[in-house]
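> Quick one: the structure is below, questions incoming.
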There are 2 protein chains.
Amino acid sequence: VTGVAAQGPSDGSGEDRLIARYFRPLAKHPGALGLGDDAAVIKPPSGCDLVLKTDGVISGVHFFPDDPPETVAKKVLRMNLSDLAAKGAKPMGFLLAIALPQDVPESWLAAFARGLDDDARIYDCPLLGGDTDRTPGPLSISISALGTVPHGTMVRRGGAKASDRVVVTGTIGDAALGLKLRRDPGLAKRWGLSDTQRDELIDRYRLPRPRNILAESLRRWASSAMDISDGLAGDLAKLFRNAPVAADIETARVPLSDAARQALAVDPSLIEAVVTGGDDYEILATVSVTNLEPMHAAASAVDVPLTEIGGVKDGRGETQLLDSLGRPCTFARPSFSHF
Amino acid sequence: VTGVAAQGPSDGSGEDRLIARYFRPLAKHPGALGLGDDAAVIKPPSGCDLVLKTDGVISGVHFFPDDPPETVAKKVLRMNLSDLAAKGAKPMGFLLAIALPQDVPESWLAAFARGLDDDARIYDCPLLGGDTDRTPGPLSISISALGTVPHGTMVRRGGAKASDRVVVTGTIGDAALGLKLRRDPGLAKRWGLSDTQRDELIDRYRLPRPRNILAESLRRWASSAMDISDGLAGDLAKLFRNAPVAADIETARVPLSDAARQALAVDPSLIEAVVTGGDDYEILATVSVTNLEPMHAAASAVDVPLTEIGGVKDGRGETQLLDSLGRPCTFARPSFSHF
């Protein structure tokens, strides 16, 4: 495609050089054709469904311009991997679209590509193809990830049944607190955090830990699942939106890291950030009482903490977060109007 | 994902509303799950390879901010469809990533979605999923398209053999001239174009006509193929980059529309824009002498003009555009240094 204000072909060759230098080394999968053809080609395993997800980030909107390029790369890939995990899918590969301002130094690109390459290997999710453009706007990255599940087994939202239990992996709210610390470094002292605790929370914001290792277990044992990317409270509402049932969540059972617990002890109102802040990239799932034991065993076998936070109730009632006296929690933030 | 400077969940719900209003009506394919889950799911036909492409546009870079939203939508989808066509692939569906400035009126989005919906139906390439974000930068749209070919049959670059003929579909250079007219409306008069001719060239710039109808014939008869998106000259070089052969192209045989012919008669130097300008979205292919007759018959049967513009020669020589005396054409534009 020709630029409306550009010199035409010369831009194309600059783009080709960047791709050759920074992205071709990542295109090790034979189906990527060394990024030297018009499209990638890949044979999906027979009997499988494809699971498709696209998600992206924009500098200054979803990440800080001075975030390390390696973690920016890893975060945008892991955001997509987290969705594949929650759907029970095995990663197959991804397409990358990146729009670069003129002033991005090549050292940024080199570090970005390095981070992406690391994660592509760790998660066995190779770069298959991409598109590089120059933009007068902020640096933007969009990834489309492909995964596979045996036909008909993708884990959906909306499959919960009455008496199922609601579980989450890991700890909730760390990334939201990490974001607050990133915006206002003085908070670490006010919350009484050690340097290690502060760094842990910021790290959780920068670098999701998608639970791809649990994908197969979710297919076997979960009645519904999704990843928590927009905050536990809002995502709970989404999980039950098309279900004939709802859930009561005991807020006191929401699993917290030591660092989050410390911050909450100083400022209890942070519970709102913990349950409504985003970027957890943990799994929220419903599991029948029968499947609860094998689901716990599966999580334990791969060292993923799994915590029951509530139960599914009959009827199309409201999904609620309850305080220790069983009263619905109310928060000031507008997302709660959706409950 | 949480915005670094945003109010958090409330943005999410605004995004949800836009998706529900403008994009959910397009998600008619059952695998899109009404855009109401975390991912799309689709069963690829058995025995097929997936063909994957991602390409996008940025306002003010690849299209004019005042271009009609319907044609912006159609162009970005058709850019991707054109690659599927050249690779011999049948469209299966697409993912859409769109970043919207705050000031985009909903009427723009409504028209954009209408254009996209029209083309998704015409090309049988349904919306499967997407990602909508707000951006402080220009409006940006990225599409990832999926197609299928019978296993092992994707048409590649680099497959040309000595004595093959080089063919192109349609006419070349119209979009490049259309872009010049879009930038400088006064040119229409200088080139002696009728209003109809002017409108035809601008329309060719705005609205590619991808040759998906020829996909199967390319798989059967072409030894290599790609779509022409960055200009005939540069794309010819790419087609032969990894081939053990090269091509001599007779510039005088490059097919031109009546409007382009008229402009060239007034200003012969426009031949450079014609062969180096982008956005043709025609097919460039090599076909063996034996397959030439059935390839012509196939194109003729679906009313696609197909023109021989040169031949493949032995050896790793340079692919050249030759003038009527057989001398290599030289142009001022830098892309020609690549030849």
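Scheme for the structure tokens: letters A, B, ... for chains in order shown; per-chain residue numbers from 1; ligand numbers from 1 in order shown.
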Write out as JSON, numbers by chain the residues lying within 12 Å of Ala85 (chain A), counting only C-alpha atoms and excluding same-chain residues fewer than 4 positions away.
{"A": [51, 52, 53, 78, 79, 80, 81, 89, 90, 91, 92, 123, 145, 146, 147, 148, 149, 154, 155, 156, 169, 209, 210, 211, 212, 213, 214, 215, 216, 217, 218, 219, 225, 226, 227, 228, 281, 282, 283, 284, 285], "B": [38, 39]}
> Please provide as number ranges by chain all residues within 8 Å of Leu232 (chain B), with the sequence filter that same-chain residues fewer than 2 positions apart are discarded (counting only C-alpha atoms).
B: 172, 228-230, 234-236, 275-278
> Among region 220-308 of chain A, which residues carry a DSSP assignment of alpha helix (DSSP H), reported as JSON, numbers by chain?
{"A": [220, 221, 232, 233, 234, 235, 236, 237, 238, 239, 240, 258, 259, 260, 261, 262, 263, 264, 265, 266, 271, 272, 273, 274, 275, 276, 289, 290, 291, 292, 293, 294, 295, 296, 297, 298, 299, 300, 301]}
> If you keep C-alpha atoms, can you produce a file of those selected residues as a CSV table (one decimal), in the first residue's frame?

```
chain,number,residue,atom,x,y,z
A,220,ARG,CA,-11.1,-31.4,31.2
A,221,TRP,CA,-12.5,-30.0,34.4
A,232,LEU,CA,-12.1,-9.6,38.6
A,233,ALA,CA,-15.4,-7.8,39.3
A,234,GLY,CA,-16.1,-6.9,35.7
A,235,ASP,CA,-14.8,-10.1,34.3
A,236,LEU,CA,-17.0,-12.1,36.7
A,237,ALA,CA,-20.0,-10.3,35.3
A,238,LYS,CA,-18.9,-11.2,31.8
A,239,LEU,CA,-18.4,-14.9,32.7
A,240,PHE,CA,-22.0,-15.1,33.8
A,258,ASP,CA,1.8,-10.7,50.8
A,259,ALA,CA,2.6,-7.4,49.2
A,260,ALA,CA,-1.0,-6.7,48.4
A,261,ARG,CA,-2.0,-7.8,51.9
A,262,GLN,CA,0.5,-5.3,53.4
A,263,ALA,CA,-0.9,-2.5,51.2
A,264,LEU,CA,-4.5,-3.4,52.1
A,265,ALA,CA,-3.6,-3.4,55.8
A,266,VAL,CA,-2.5,0.2,55.6
A,271,ILE,CA,-9.7,-3.5,47.9
A,272,GLU,CA,-11.6,-1.7,45.2
A,273,ALA,CA,-8.4,-1.4,43.0
A,274,VAL,CA,-7.7,-5.1,43.8
A,275,VAL,CA,-11.0,-6.4,42.5
A,276,THR,CA,-11.7,-3.8,39.7
A,289,VAL,CA,-18.2,-30.1,42.8
A,290,THR,CA,-17.3,-33.4,41.3
A,291,ASN,CA,-14.5,-31.9,39.2
A,292,LEU,CA,-13.1,-29.7,42.0
A,293,GLU,CA,-10.8,-32.4,43.4
A,294,PRO,CA,-9.1,-33.3,40.1
A,295,MET,CA,-8.9,-29.6,39.1
A,296,HIS,CA,-7.1,-28.8,42.4
A,297,ALA,CA,-4.8,-31.8,41.9
A,298,ALA,CA,-4.0,-30.7,38.3
A,299,ALA,CA,-3.2,-27.1,39.5
A,300,SER,CA,-1.1,-28.3,42.4
A,301,ALA,CA,0.9,-30.7,40.1
```
> What is the CA of Leu306 (chain B)-CA of Pro255 (chain B) distance in Å, reported with one decimal?
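Between these atoms lies a distance of 8.8 Å.
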> Fewer than 6 positions away in the same chain doesn't count, so skip those; otherwise give me all residues within 8 Å of Ser324 (chain B), counting only C-alpha atoms, as a list in words.
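Using only C-alpha atoms, the neighbours found are Glu250, Thr251 and Ala252 of chain B.
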> Considering only C-alpha atoms, can you say which of B:Asp83, B:Asp174, B:Asp16, B:Asp267 comes closest to chain A?
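Of B:Asp83, B:Asp174, B:Asp16, B:Asp267, the one nearest chain A is B:Asp83, counting only C-alpha atoms.
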